[in-house]
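Taking it in order: structure first as structure tokens, then the write-up.
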Amino acid sequence: MAVVRDRPWGNSNFLVDIGGGDSRSTTAGFAEVIFPPFTIESVESSTSREGGPAEALSSHHLVLKRGLTGRLDLYVWWNKARRGKAPQRRTVKIELLSEDHSTVVMTWRFRNVRPVSLCYSPLRALEGGVVIETVEFAFEGMEMS
């Protein structure tokens, strides 16, 4: 359940579970979460109970970024999707934590998630930066608590 307070929560303390059930796993060590805009678009082909057009979430994507550690979990999931082997859709959970990491203050759950894009940052011999692995997910629904 969301924790309400007078000051806004910081954005640097969060955990991500990509469907394995363990948001504290090293595979879930994401450095950035980019939420899509949660918009409502009119669906002309169906109608609501009131007779007007029904509303549906648009097809924007959730983006997660992490430092490359050599794990192939995201690649394997993406590769199955690319080959049309109907990978298992997952529930991805993002938990915002309090400053002391003791309390989950907000949770976003994305349902029926599937990878649609996987990319890596450039390799640059003249810089000493971290290689970043970026995965983009399509999803069917989102709930917050």
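Labels used: A, B, ... for chains in the order of the structure tokens, numbers from 1 for residues in each chain, and numbers from 1 for ligands as shown.
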
Might you pull out every residue within 12 Å of range 9-13 of chain A, with only C-alpha atoms counted and same-chain residues fewer than 2 positions away left off, and present them as a list in words?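 Near neighbours after the sequence-gap exclusion: Ala2, Val3, Val4, Arg5, Asp6, Arg7, Leu15, Val16, Gly29, Phe30, Ala31, Glu32, Val33, Ile34, Ile94, Glu95, Leu96, Leu97, Ser98, Glu99, Asp100, His101, Ser102, Thr103, Val104, Val105 and Met106 of chain A.
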
Export, as a short mmCIF file (atom, residue, chain, number, x, y, z; two decimals), in the first residue's frame, the selected residues with N, CA, C and O atoms.
data_model
loop_
_atom_site.label_atom_id
_atom_site.label_comp_id
_atom_site.auth_asym_id
_atom_site.auth_seq_id
_atom_site.Cartn_x
_atom_site.Cartn_y
_atom_site.Cartn_z
N ALA A 2 0.48 2.27 -0.72
CA ALA A 2 1.25 3.50 -0.82
C ALA A 2 1.36 4.17 0.54
O ALA A 2 0.41 4.21 1.31
N VAL A 3 2.55 4.71 0.83
CA VAL A 3 2.80 5.43 2.08
C VAL A 3 2.76 6.91 1.76
O VAL A 3 3.52 7.40 0.92
N VAL A 4 1.89 7.64 2.44
CA VAL A 4 1.70 9.06 2.19
C VAL A 4 2.46 9.86 3.25
O VAL A 4 2.47 9.51 4.42
N ARG A 5 3.10 10.95 2.81
CA ARG A 5 3.76 11.87 3.73
C ARG A 5 3.77 13.26 3.12
O ARG A 5 3.42 13.43 1.94
N ASP A 6 4.20 14.26 3.89
CA ASP A 6 4.18 15.65 3.42
C ASP A 6 5.29 15.95 2.41
O ASP A 6 5.09 16.75 1.51
N ARG A 7 6.46 15.33 2.56
CA ARG A 7 7.58 15.54 1.63
C ARG A 7 7.53 14.50 0.52
O ARG A 7 7.24 13.34 0.76
N LEU A 15 13.58 -1.19 -6.02
CA LEU A 15 13.88 -2.58 -6.36
C LEU A 15 13.02 -2.97 -7.56
O LEU A 15 11.91 -2.48 -7.72
N VAL A 16 13.55 -3.87 -8.38
CA VAL A 16 12.83 -4.35 -9.56
C VAL A 16 12.81 -5.87 -9.53
O VAL A 16 13.84 -6.51 -9.33
N GLY A 29 19.26 -5.82 -10.31
CA GLY A 29 19.98 -4.61 -9.94
C GLY A 29 19.94 -3.56 -11.02
O GLY A 29 20.95 -3.24 -11.64
N PHE A 30 18.80 -3.00 -11.26
CA PHE A 30 18.65 -2.00 -12.30
C PHE A 30 19.02 -0.62 -11.77
O PHE A 30 18.79 -0.28 -10.61
N ALA A 31 19.61 0.19 -12.66
CA ALA A 31 20.07 1.52 -12.30
C ALA A 31 19.04 2.59 -12.66
O ALA A 31 19.06 3.68 -12.09
N GLU A 32 18.13 2.26 -13.58
CA GLU A 32 17.15 3.26 -14.01
C GLU A 32 15.88 2.57 -14.47
O GLU A 32 15.91 1.54 -15.14
N VAL A 33 14.76 3.17 -14.11
CA VAL A 33 13.44 2.75 -14.57
C VAL A 33 12.83 3.96 -15.26
O VAL A 33 12.77 5.04 -14.67
N ILE A 34 12.40 3.78 -16.50
CA ILE A 34 11.73 4.86 -17.22
C ILE A 34 10.29 4.42 -17.43
O ILE A 34 10.02 3.50 -18.21
N ILE A 94 7.92 -3.08 -9.57
CA ILE A 94 8.88 -2.04 -9.18
C ILE A 94 8.43 -1.48 -7.85
O ILE A 94 7.28 -1.05 -7.71
N GLU A 95 9.33 -1.52 -6.88
CA GLU A 95 9.03 -1.04 -5.53
C GLU A 95 9.90 0.16 -5.20
O GLU A 95 11.12 0.07 -5.26
N LEU A 96 9.27 1.27 -4.86
CA LEU A 96 9.98 2.45 -4.38
C LEU A 96 10.16 2.28 -2.88
O LEU A 96 9.21 1.94 -2.17
N LEU A 97 11.39 2.52 -2.40
CA LEU A 97 11.71 2.30 -0.98
C LEU A 97 11.90 3.63 -0.25
O LEU A 97 12.28 4.63 -0.85
N SER A 98 11.70 3.58 1.05
CA SER A 98 12.01 4.72 1.90
C SER A 98 13.51 4.95 1.90
O SER A 98 14.28 4.10 1.46
N GLU A 99 13.94 6.09 2.42
CA GLU A 99 15.36 6.44 2.43
C GLU A 99 16.23 5.41 3.14
O GLU A 99 17.36 5.15 2.74
N ASP A 100 15.72 4.80 4.20
CA ASP A 100 16.50 3.80 4.93
C ASP A 100 16.30 2.38 4.39
O ASP A 100 16.78 1.42 4.97
N HIS A 101 15.58 2.24 3.28
CA HIS A 101 15.34 0.97 2.59
C HIS A 101 14.50 -0.02 3.41
O HIS A 101 14.40 -1.18 3.03
N SER A 102 13.89 0.43 4.48
CA SER A 102 13.15 -0.49 5.35
C SER A 102 11.69 -0.67 4.95
O SER A 102 11.06 -1.64 5.36
N THR A 103 11.14 0.25 4.16
CA THR A 103 9.72 0.24 3.86
C THR A 103 9.48 0.43 2.37
O THR A 103 10.11 1.28 1.74
N VAL A 104 8.59 -0.38 1.80
CA VAL A 104 8.14 -0.15 0.43
C VAL A 104 7.06 0.93 0.50
O VAL A 104 6.06 0.75 1.19
N VAL A 105 7.28 2.05 -0.19
CA VAL A 105 6.35 3.18 -0.08
C VAL A 105 5.40 3.28 -1.28
O VAL A 105 4.36 3.94 -1.20
N MET A 106 5.75 2.61 -2.40
CA MET A 106 4.87 2.60 -3.57
C MET A 106 5.27 1.42 -4.43
O MET A 106 6.46 1.08 -4.52
#

Neighbouring residues of Val116 in chain A were defined as those with any atom within 9 Å, considering only C-alpha atoms; residues of the same chain fewer than 4 positions away were excluded. Please report them as a ChimeraX atom specification. /A:61,78,81-82,135-138

Using only C-alpha atoms, which of the listed residues (A:Met142, A:Ile132, A:Phe35, A:Pro115) sits closest to Val76 in chain A?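 Of all the options, A:Pro115 lies closest to Val76 in chain A.
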
For Thr91 in chain A, which residue out of A:His60, A:Arg111, A:Arg124, A:Arg71 is the nearest one, using only C-alpha atoms?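 Looking only at the distances to Thr91 in chain A, the closest residue turns out to be A:Arg111.
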
Based on DSSP run over this structure's backbone, return all residues of range 8-143 of chain A in helix (DSSP H, G or I), as a ChimeraX atom specification. /A:26-28,73-82

Write out, as a compact mmCIF listing (two decimals), in the first residue's frame, the residues just selected, with all heavy atoms.
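The result, stored in out-v4.txt:
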# COMPACT_ATOMS: atom_id res chain seq x y z
N THR A 26 20.65 -10.14 -7.56
CA THR A 26 21.58 -9.33 -8.34
C THR A 26 21.12 -9.16 -9.78
O THR A 26 21.49 -8.19 -10.43
CB THR A 26 22.99 -9.94 -8.33
OG1 THR A 26 22.92 -11.27 -8.84
CG2 THR A 26 23.58 -9.94 -6.94
N THR A 27 20.29 -10.06 -10.29
CA THR A 27 19.77 -9.90 -11.65
C THR A 27 18.77 -8.75 -11.73
O THR A 27 18.46 -8.27 -12.80
CB THR A 27 19.08 -11.18 -12.15
OG1 THR A 27 17.97 -11.49 -11.31
CG2 THR A 27 20.04 -12.34 -12.21
N ALA A 28 18.27 -8.33 -10.59
CA ALA A 28 17.29 -7.25 -10.55
C ALA A 28 17.94 -5.91 -10.23
O ALA A 28 17.26 -4.95 -9.92
CB ALA A 28 16.21 -7.56 -9.51
N ASP A 73 20.04 -13.41 -18.82
CA ASP A 73 18.61 -13.61 -18.58
C ASP A 73 17.74 -12.75 -19.48
O ASP A 73 16.76 -13.24 -20.05
CB ASP A 73 18.26 -13.39 -17.11
CG ASP A 73 18.68 -12.03 -16.58
OD1 ASP A 73 19.66 -11.44 -17.08
OD2 ASP A 73 18.03 -11.54 -15.64
N LEU A 74 18.07 -11.49 -19.65
CA LEU A 74 17.27 -10.61 -20.51
C LEU A 74 17.42 -11.01 -21.98
O LEU A 74 16.44 -11.03 -22.73
CB LEU A 74 17.65 -9.15 -20.31
CG LEU A 74 17.35 -8.57 -18.94
CD1 LEU A 74 17.84 -7.13 -18.85
CD2 LEU A 74 15.87 -8.65 -18.60
N TYR A 75 18.64 -11.34 -22.39
CA TYR A 75 18.86 -11.77 -23.77
C TYR A 75 18.07 -13.04 -24.09
O TYR A 75 17.43 -13.14 -25.14
CB TYR A 75 20.35 -12.01 -24.04
CG TYR A 75 20.57 -12.70 -25.35
CD1 TYR A 75 20.44 -12.02 -26.56
CD2 TYR A 75 20.83 -14.07 -25.40
CE1 TYR A 75 20.60 -12.66 -27.76
CE2 TYR A 75 21.00 -14.73 -26.60
CZ TYR A 75 20.88 -14.03 -27.78
OH TYR A 75 21.01 -14.67 -28.98
N VAL A 76 18.11 -14.02 -23.20
CA VAL A 76 17.40 -15.28 -23.44
C VAL A 76 15.90 -15.04 -23.59
O VAL A 76 15.25 -15.57 -24.50
CB VAL A 76 17.70 -16.30 -22.31
CG1 VAL A 76 16.77 -17.50 -22.37
CG2 VAL A 76 19.15 -16.75 -22.38
N TRP A 77 15.34 -14.21 -22.70
CA TRP A 77 13.90 -13.89 -22.77
C TRP A 77 13.59 -13.17 -24.08
O TRP A 77 12.66 -13.52 -24.80
CB TRP A 77 13.53 -13.05 -21.56
CG TRP A 77 12.06 -12.83 -21.34
CD1 TRP A 77 11.02 -13.50 -21.91
CD2 TRP A 77 11.48 -11.87 -20.48
NE1 TRP A 77 9.82 -13.01 -21.47
CE2 TRP A 77 10.09 -12.00 -20.57
CE3 TRP A 77 12.01 -10.90 -19.64
CZ2 TRP A 77 9.21 -11.20 -19.86
CZ3 TRP A 77 11.14 -10.11 -18.92
CH2 TRP A 77 9.74 -10.25 -19.03
N TRP A 78 14.39 -12.15 -24.44
CA TRP A 78 14.19 -11.40 -25.67
C TRP A 78 14.36 -12.31 -26.90
O TRP A 78 13.60 -12.23 -27.85
CB TRP A 78 15.17 -10.23 -25.73
CG TRP A 78 15.18 -9.54 -27.05
CD1 TRP A 78 14.32 -8.56 -27.47
CD2 TRP A 78 16.06 -9.80 -28.14
NE1 TRP A 78 14.63 -8.20 -28.76
CE2 TRP A 78 15.70 -8.95 -29.18
CE3 TRP A 78 17.13 -10.68 -28.31
CZ2 TRP A 78 16.36 -8.94 -30.41
CZ3 TRP A 78 17.79 -10.68 -29.53
CH2 TRP A 78 17.40 -9.81 -30.56
N ASN A 79 15.38 -13.17 -26.88
CA ASN A 79 15.65 -14.04 -28.02
C ASN A 79 14.50 -15.01 -28.28
O ASN A 79 14.16 -15.28 -29.43
CB ASN A 79 16.96 -14.81 -27.80
CG ASN A 79 17.46 -15.46 -29.06
OD1 ASN A 79 17.39 -14.89 -30.14
ND2 ASN A 79 17.96 -16.68 -28.92
N LYS A 80 13.88 -15.54 -27.25
CA LYS A 80 12.71 -16.40 -27.43
C LYS A 80 11.57 -15.62 -28.07
O LYS A 80 10.88 -16.13 -28.96
CB LYS A 80 12.27 -16.99 -26.09
CG LYS A 80 13.16 -18.08 -25.58
CD LYS A 80 12.67 -18.63 -24.26
CE LYS A 80 13.59 -19.70 -23.72
NZ LYS A 80 13.16 -20.17 -22.40
N ALA A 81 11.38 -14.38 -27.64
CA ALA A 81 10.33 -13.55 -28.24
C ALA A 81 10.65 -13.27 -29.71
O ALA A 81 9.77 -13.34 -30.57
CB ALA A 81 10.20 -12.25 -27.47
N ARG A 82 11.91 -12.99 -30.01
CA ARG A 82 12.33 -12.69 -31.38
C ARG A 82 12.10 -13.88 -32.30
O ARG A 82 11.71 -13.73 -33.45
CB ARG A 82 13.81 -12.32 -31.37
CG ARG A 82 14.41 -12.08 -32.74
CD ARG A 82 15.86 -11.68 -32.62
NE ARG A 82 16.68 -12.78 -32.15
CZ ARG A 82 17.41 -13.56 -32.93
NH1 ARG A 82 17.41 -13.39 -34.24
NH2 ARG A 82 18.16 -14.52 -32.42

Quick one: DSSP strand (DSSP E or B) residues in chain A, as a ChimeraX atom specification? /A:14-17,32-34,40-47,53-57,62-67,90-97,104-120,132-138,141-144

Neighbours of Arg90 in chain A within 8 Å (only C-alpha atoms; same-chain residues fewer than 4 positions away dropped), as an mmCIF file with N, CA and C atoms, in the first residue's frame?
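Output file out-v4.cif is given in full below:
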data_model
loop_
_atom_site.group_PDB
_atom_site.id
_atom_site.type_symbol
_atom_site.label_atom_id
_atom_site.label_comp_id
_atom_site.auth_asym_id
_atom_site.auth_seq_id
_atom_site.Cartn_x
_atom_site.Cartn_y
_atom_site.Cartn_z
ATOM 1 N N ILE A 18 11.786 -8.809 -12.131
ATOM 2 C CA ILE A 18 11.381 -9.047 -13.519
ATOM 3 C C ILE A 18 10.664 -10.377 -13.687
ATOM 4 N N GLY A 19 9.968 -10.781 -12.645
ATOM 5 C CA GLY A 19 9.140 -11.971 -12.737
ATOM 6 C C GLY A 19 9.685 -13.176 -12.026
ATOM 7 N N ARG A 111 1.469 -6.094 -15.780
ATOM 8 C CA ARG A 111 0.976 -7.440 -16.074
ATOM 9 C C ARG A 111 1.227 -7.824 -17.533
ATOM 10 N N ASN A 112 1.413 -9.125 -17.737
ATOM 11 C CA ASN A 112 1.601 -9.700 -19.073
ATOM 12 C C ASN A 112 2.694 -8.961 -19.850
ATOM 13 N N VAL A 113 3.860 -8.901 -19.229
ATOM 14 C CA VAL A 113 5.001 -8.180 -19.782
ATOM 15 C C VAL A 113 5.761 -9.079 -20.759
ATOM 16 N N ARG A 114 6.209 -8.485 -21.858
ATOM 17 C CA ARG A 114 7.051 -9.191 -22.808
ATOM 18 C C ARG A 114 8.105 -8.234 -23.348
#

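The nearest approach to Leu72 in chain A among the residues A:Glu133, A:Ser121, A:Gly84, A:Thr107, with only C-alpha atoms taken into account, belongs to A:Glu133.
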
With only C-alpha atoms as the basis for distance, which of A:Ser117, A:Leu68, A:Met1, A:Asp22 is at the shortest distance from Gly129 in chain A?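 For Gly129 in chain A, the nearest of the candidates is A:Leu68.
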